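> First, the structure itself, so that you have it in front of you.
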Amino acid sequence: MVANMFGWTPVNSGAIYTYGGGGCWTYGLKYGLTRVLKDSREKGVRTDAKVICSQQAHYVQQNATDWLGLGMDNIVHVRTDVATNQMDLVHLEELLTDFAARGIPVATVVCTMGTTDASAFDPIGLVREVMDRHPNPEGFGKAVLYADAVVGWSWIYFKDYDFEANPLEFSDRILPVLRRNGEAMRELEYADCVGIDFHKVGWAPYVSSCFLYRDATEFESIHRRGADAYLQARTPYNPMYYTLEVSRTASGSLAGWATLKYFGKEGMQAILGGILETKYYLYDLIRSHPDMVCVNPDDTGLITLFRVYPEGVDAQVQFGRELSDPALRSDLIKHNHLTEAVGNKLFEWFRSGKQIDGKYTPYMSFSTGFRDATYNRDGTDEEAVVYALKSFPMNVFITPETMQWALHCVAAARDEVLKR
Ligand SMILES: *Cc1c(COP(=O)(O)O)cnc(C)c1O
């Protein structure tokens, strides 16, 4: 079902349920190591092959490179575009040209199709073209293109929504956004392998992560281990021969299957679109608060990142300057600390069951640096980064009133923090 949605040929593709989006990333890297460093399964990883991902890729890149023995120093970060948070293709091309010139192979390129903080999508179709122009040096296999879509995958449901007839009656505000997200997911077709988490924007219980590969014959044969006397292949499905896991639970695959069957395409479209309407309501609401500013206005996922400033500050103007003017570095840092303090205050209230006007306060997380200041594009200045409060609505019962209440509590937490 999922391979069909990706536009792959289902009978040629395969899938494994594994231990989280982290497991999927590890599989994506392992596939690259096995394909590129052809004797690595016998001799071990003895070449410093690179794994390339964007500055905004998930931190599980560290688990995967560390535990597979490639080493974290072999992670290479591609810059992200300041407005869209997408992988910068010019920088990617520079890196690939340089590695090829120096005889260094790339094992896997990871496109994050929905980043954890900003829900940005890397332009994977164009990444595929760049990779095709810069193959690995002689003697090494072809690099694998892995799509980390664990949190963003469900936008695939809008790949072939009828935007003209609009049967689910989404607003004009979100229709172009749904269309863009569906189009971004259309490009999953170009990946060699994709990770999706049903336990994220699929509303299934932990852990139900699916690692999918387009060419089952290749994946399953290059990872193949020999038969043992006590293994009998009774059916065509024998993951014990080519996966990391030995004994495993079926709960993830059942949860994934049930999710696909129970919601169906339309059910998933209704849920996602409904929550997205509320996200854009929040965008507009933030704009009506002069002391607040949305800091990822161009991102099209469910996440809103925003900052709250002391009362009387024009947040839009102040943030614009903090983002780009090195002279305001200390302001940026001061307001990062304010953001963190507000986030911690909200968490403290949430945990202690605090009520304001008889109502509970929301749970809201925050990011301690979802992007760098524009004058700090290589990230060398660890403090010149942007902190932000994070709204990630996942509840189908979320309403405009919920969002009004959330901002009311944010302002109250800000006042509490600043009252010394
Ligand atoms: C959450 C996340 C992961 C890790 O997935 P788990 O299921 O928590 O192991 C990896 N990549 C991205 C983009 C994520 O958002």
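In the structure tokens, chains take letters A, B, ... by order of appearance, with residues numbered from 1 within each chain and ligands from 1 in the order shown.
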Set the distance at 12 Å and use only C-alpha atoms: which residues neighbour A:Val60 once local chain neighbours fewer than 4 positions away are removed? I'd like the list as a PyMOL selection string.
chain A and resi 20-29+53+56+64-67+72+75+110+112+116+148+150
> Restricted to N, CA and C atoms, what would the selected residues look like written as a PDB file, in the first residue's frame?

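Dumped everything to selection26.pdb:
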```
ATOM      1  N   GLY A  20      11.999   2.233  15.463  1.00  0.00           N
ATOM      2  CA  GLY A  20      11.916   3.700  15.449  1.00  0.00           C
ATOM      3  C   GLY A  20      12.523   4.313  14.206  1.00  0.00           C
ATOM      4  N   GLY A  21      12.292   5.619  14.069  1.00  0.00           N
ATOM      5  CA  GLY A  21      12.890   6.376  12.973  1.00  0.00           C
ATOM      6  C   GLY A  21      14.412   6.292  13.048  1.00  0.00           C
ATOM      7  N   GLY A  22      14.917   6.099  14.269  1.00  0.00           N
ATOM      8  CA  GLY A  22      16.355   5.915  14.440  1.00  0.00           C
ATOM      9  C   GLY A  22      16.813   4.633  13.762  1.00  0.00           C
ATOM     10  N   GLY A  23      16.026   3.591  13.895  1.00  0.00           N
ATOM     11  CA  GLY A  23      16.336   2.327  13.230  1.00  0.00           C
ATOM     12  C   GLY A  23      16.304   2.486  11.715  1.00  0.00           C
ATOM     13  N   CYS A  24      15.327   3.260  11.229  1.00  0.00           N
ATOM     14  CA  CYS A  24      15.224   3.482   9.774  1.00  0.00           C
ATOM     15  C   CYS A  24      16.474   4.195   9.254  1.00  0.00           C
ATOM     16  N   TRP A  25      16.908   5.222   9.954  1.00  0.00           N
ATOM     17  CA  TRP A  25      18.115   5.974   9.555  1.00  0.00           C
ATOM     18  C   TRP A  25      19.313   5.030   9.509  1.00  0.00           C
ATOM     19  N   THR A  26      19.382   4.148  10.527  1.00  0.00           N
ATOM     20  CA  THR A  26      20.503   3.200  10.608  1.00  0.00           C
ATOM     21  C   THR A  26      20.467   2.238   9.416  1.00  0.00           C
ATOM     22  N   TYR A  27      19.274   1.772   9.078  1.00  0.00           N
ATOM     23  CA  TYR A  27      19.137   0.925   7.890  1.00  0.00           C
ATOM     24  C   TYR A  27      19.553   1.684   6.625  1.00  0.00           C
ATOM     25  N   GLY A  28      19.160   2.951   6.524  1.00  0.00           N
ATOM     26  CA  GLY A  28      19.517   3.741   5.343  1.00  0.00           C
ATOM     27  C   GLY A  28      21.023   3.875   5.200  1.00  0.00           C
ATOM     28  N   LEU A  29      21.701   4.068   6.333  1.00  0.00           N
ATOM     29  CA  LEU A  29      23.161   4.173   6.300  1.00  0.00           C
ATOM     30  C   LEU A  29      23.799   2.813   6.007  1.00  0.00           C
ATOM     31  N   CYS A  53      24.020  14.827   5.090  1.00  0.00           N
ATOM     32  CA  CYS A  53      22.641  15.209   5.414  1.00  0.00           C
ATOM     33  C   CYS A  53      22.648  16.717   5.674  1.00  0.00           C
ATOM     34  N   GLN A  56      19.885  20.459   9.293  1.00  0.00           N
ATOM     35  CA  GLN A  56      18.678  20.297  10.103  1.00  0.00           C
ATOM     36  C   GLN A  56      18.259  18.845  10.255  1.00  0.00           C
ATOM     37  N   ALA A  64      23.415   6.447  14.488  1.00  0.00           N
ATOM     38  CA  ALA A  64      23.629   5.536  13.357  1.00  0.00           C
ATOM     39  C   ALA A  64      25.119   5.429  13.014  1.00  0.00           C
ATOM     40  N   THR A  65      25.808   6.568  12.888  1.00  0.00           N
ATOM     41  CA  THR A  65      27.222   6.515  12.499  1.00  0.00           C
ATOM     42  C   THR A  65      28.072   5.922  13.616  1.00  0.00           C
ATOM     43  N   ASP A  66      27.715   6.220  14.847  1.00  0.00           N
ATOM     44  CA  ASP A  66      28.462   5.706  15.987  1.00  0.00           C
ATOM     45  C   ASP A  66      28.303   4.190  16.096  1.00  0.00           C
ATOM     46  N   TRP A  67      27.070   3.706  16.151  1.00  0.00           N
ATOM     47  CA  TRP A  67      26.834   2.286  16.410  1.00  0.00           C
ATOM     48  C   TRP A  67      27.200   1.407  15.226  1.00  0.00           C
ATOM     49  N   MET A  72      31.198   9.264  13.932  1.00  0.00           N
ATOM     50  CA  MET A  72      30.429  10.507  13.776  1.00  0.00           C
ATOM     51  C   MET A  72      31.178  11.556  12.955  1.00  0.00           C
ATOM     52  N   ILE A  75      30.115  12.304   9.298  1.00  0.00           N
ATOM     53  CA  ILE A  75      28.880  13.010   8.922  1.00  0.00           C
ATOM     54  C   ILE A  75      29.280  14.341   8.294  1.00  0.00           C
ATOM     55  N   VAL A 110      21.234  11.657   2.844  1.00  0.00           N
ATOM     56  CA  VAL A 110      19.939  11.633   3.527  1.00  0.00           C
ATOM     57  C   VAL A 110      19.177  12.922   3.240  1.00  0.00           C
ATOM     58  N   THR A 112      15.972  14.892   4.456  1.00  0.00           N
ATOM     59  CA  THR A 112      14.956  14.879   5.503  1.00  0.00           C
ATOM     60  C   THR A 112      13.668  15.430   4.907  1.00  0.00           C
ATOM     61  N   THR A 116      12.464  17.864  11.960  1.00  0.00           N
ATOM     62  CA  THR A 116      11.820  17.721  13.262  1.00  0.00           C
ATOM     63  C   THR A 116      11.376  19.068  13.819  1.00  0.00           C
ATOM     64  N   ASP A 148      14.494  10.454   4.931  1.00  0.00           N
ATOM     65  CA  ASP A 148      14.013  10.393   6.306  1.00  0.00           C
ATOM     66  C   ASP A 148      12.679  11.128   6.343  1.00  0.00           C
ATOM     67  N   VAL A 150      10.210  10.162   8.355  1.00  0.00           N
ATOM     68  CA  VAL A 150       9.507   9.534   9.483  1.00  0.00           C
ATOM     69  C   VAL A 150       8.410  10.424  10.050  1.00  0.00           C
TER      70      VAL A 150
END
```
> Within 10 Å of ligand 1, counting only C-alpha atoms and all ligand atoms: which residues, as a VMD selection string?
chain A and resid 18 to 26 56 to 61 111 to 121 147 to 153 195 to 201 206 to 210
> What does the distance from atom CA of A:Met292 to atom CA of A:Ala315 come to in Å, to one decimal?
5.3 Å
> Leaving out A:Ala107 and any residue of its chain fewer than 3 positions from it, which residues lie within 8 Å of it when counting only C-alpha atoms, given as number ranges by chain?
A: 29, 32-33, 35-37, 49-51, 142-144
